[in-house]
Every structure is written in C-alpha cells, then in structure tokens.
Amino acid sequence: MKSFNWNKEKNIELKEKRNISFEDVLFYIERDQIIDIVENPNQDKYPGQKHFIIDINDYVFYVPFIETDEEVFLKTIIPSRKYKKKYSGGE
C-alpha cells in the first residue's frame, strides 16, 4: 500500500477552520469508505489531480490528491453540497 502524506500546516488549519483533519480522512480511506474517485474537472490548472469522495459523519467531502508511484499526497478537505446531492441525494 502506498503511503499517505500531507502538509502539516494545512492539517492544523483544517482542524481549526473546518474541524476535520487528514487523519480523519485516512481513517475512512483505510476502512474502504471512499464513495468515488474522480478526476479534477480542471485538468488544465490541476493536471493529474483526482478527488476522493468520502462520506464523513453524514456529509460528503472531496479530498483533492496527487498520486505518484510512492505516495498519495492529500491537498485539502472540502465539504461539498454538489457531491452530497449527487451521491446521497441530500442538500
């Protein structure tokens, strides 16, 4: 299995501003709770980037990431009404 990495400062910021962390995301990934994996729709600006779509505590988040041969680098964690509606039918 590839290692998961992230920016430590970004993780602190996410904990403070959104009350969620990359450790939370990793918890759900390790338990096969990924709803979907999609390409970032803006490949011109973010080439090769994909999104994990994950349900965390009854809300859908997307987690942009870059994957290499050695690791998966998580960029941020974003709550998404669009994906919540698409994947769970909620608002």
# chains A, B, ... in the order shown; residues from 1 in each chain; ligands from 1
>>> select_by_dssp(residues="chain A", states="strand (DSSP E)", output="PyMOL selection string")
chain A and resi 3-6+34-39+50-56+59-67+71-74+78-79
>>> residues_around(residues="Ile56 of chain A", least_positions_apart="3", cutoff="9 Å", atoms="only C-alpha atoms", output="ChimeraX atom specification")
/A:24-25,28,33,59-61
>>> residues_around(residues="Ile77 of chain A", least_positions_apart="3", cutoff="9 Å", atoms="only C-alpha atoms", output="PyMOL selection string")
chain A and resi 14+18+20-22+25+61-64+74
>>> residues_around(residues="Lys75 of chain A", least_positions_apart="2", cutoff="10 Å", atoms="only C-alpha atoms", output="ChimeraX atom specification")
/A:5-7,10-11,22,49,51,63-66,72-73,77-78
>>> select_by_dssp(residues="segment 2-91 of chain A", states="helix (DSSP H, G or I)", output="NGL selection string")
:A and (8-18 or 22-30 or 81-88)
>>> write_last_selection(atoms="C-alpha atoms", output="PDB file, in the first residue's frame")
ATOM      1  CA  LYS A   8       1.305  19.552   8.414  1.00  0.00           C
ATOM      2  CA  GLU A   9       0.475  23.266   8.466  1.00  0.00           C
ATOM      3  CA  LYS A  10      -2.528  22.694   6.204  1.00  0.00           C
ATOM      4  CA  ASN A  11      -3.711  19.943   8.548  1.00  0.00           C
ATOM      5  CA  ILE A  12      -3.589  22.328  11.523  1.00  0.00           C
ATOM      6  CA  GLU A  13      -5.512  24.935   9.518  1.00  0.00           C
ATOM      7  CA  LEU A  14      -8.189  22.385   8.570  1.00  0.00           C
ATOM      8  CA  LYS A  15      -8.598  21.312  12.200  1.00  0.00           C
ATOM      9  CA  GLU A  16      -9.030  24.926  13.294  1.00  0.00           C
ATOM     10  CA  LYS A  17     -11.295  26.122  10.472  1.00  0.00           C
ATOM     11  CA  ARG A  18     -13.296  23.032   9.468  1.00  0.00           C
ATOM     12  CA  PHE A  22      -6.254  14.413   7.193  1.00  0.00           C
ATOM     13  CA  GLU A  23      -6.129  11.759   9.914  1.00  0.00           C
ATOM     14  CA  ASP A  24      -9.950  11.682   9.795  1.00  0.00           C
ATOM     15  CA  VAL A  25      -9.838  11.208   6.033  1.00  0.00           C
ATOM     16  CA  LEU A  26      -7.245   8.457   6.331  1.00  0.00           C
ATOM     17  CA  PHE A  27      -9.433   6.680   8.911  1.00  0.00           C
ATOM     18  CA  TYR A  28     -12.260   6.443   6.343  1.00  0.00           C
ATOM     19  CA  ILE A  29      -9.955   5.549   3.454  1.00  0.00           C
ATOM     20  CA  GLU A  30      -8.439   2.668   5.442  1.00  0.00           C
ATOM     21  CA  ARG A  81     -23.172  20.288  -1.383  1.00  0.00           C
ATOM     22  CA  LYS A  82     -22.788  19.345  -5.036  1.00  0.00           C
ATOM     23  CA  TYR A  83     -21.315  15.931  -4.246  1.00  0.00           C
ATOM     24  CA  LYS A  84     -23.686  15.409  -1.292  1.00  0.00           C
ATOM     25  CA  LYS A  85     -26.614  15.904  -3.639  1.00  0.00           C
ATOM     26  CA  LYS A  86     -25.072  13.680  -6.317  1.00  0.00           C
ATOM     27  CA  TYR A  87     -24.051  10.802  -4.065  1.00  0.00           C
ATOM     28  CA  SER A  88     -26.544  10.849  -1.204  1.00  0.00           C
TER      29      SER A  88
END
>>> atom_distance(atom1="atom CA of Ile53 of chain A", atom2="atom CA of Thr68 of chain A")
18.9 Å
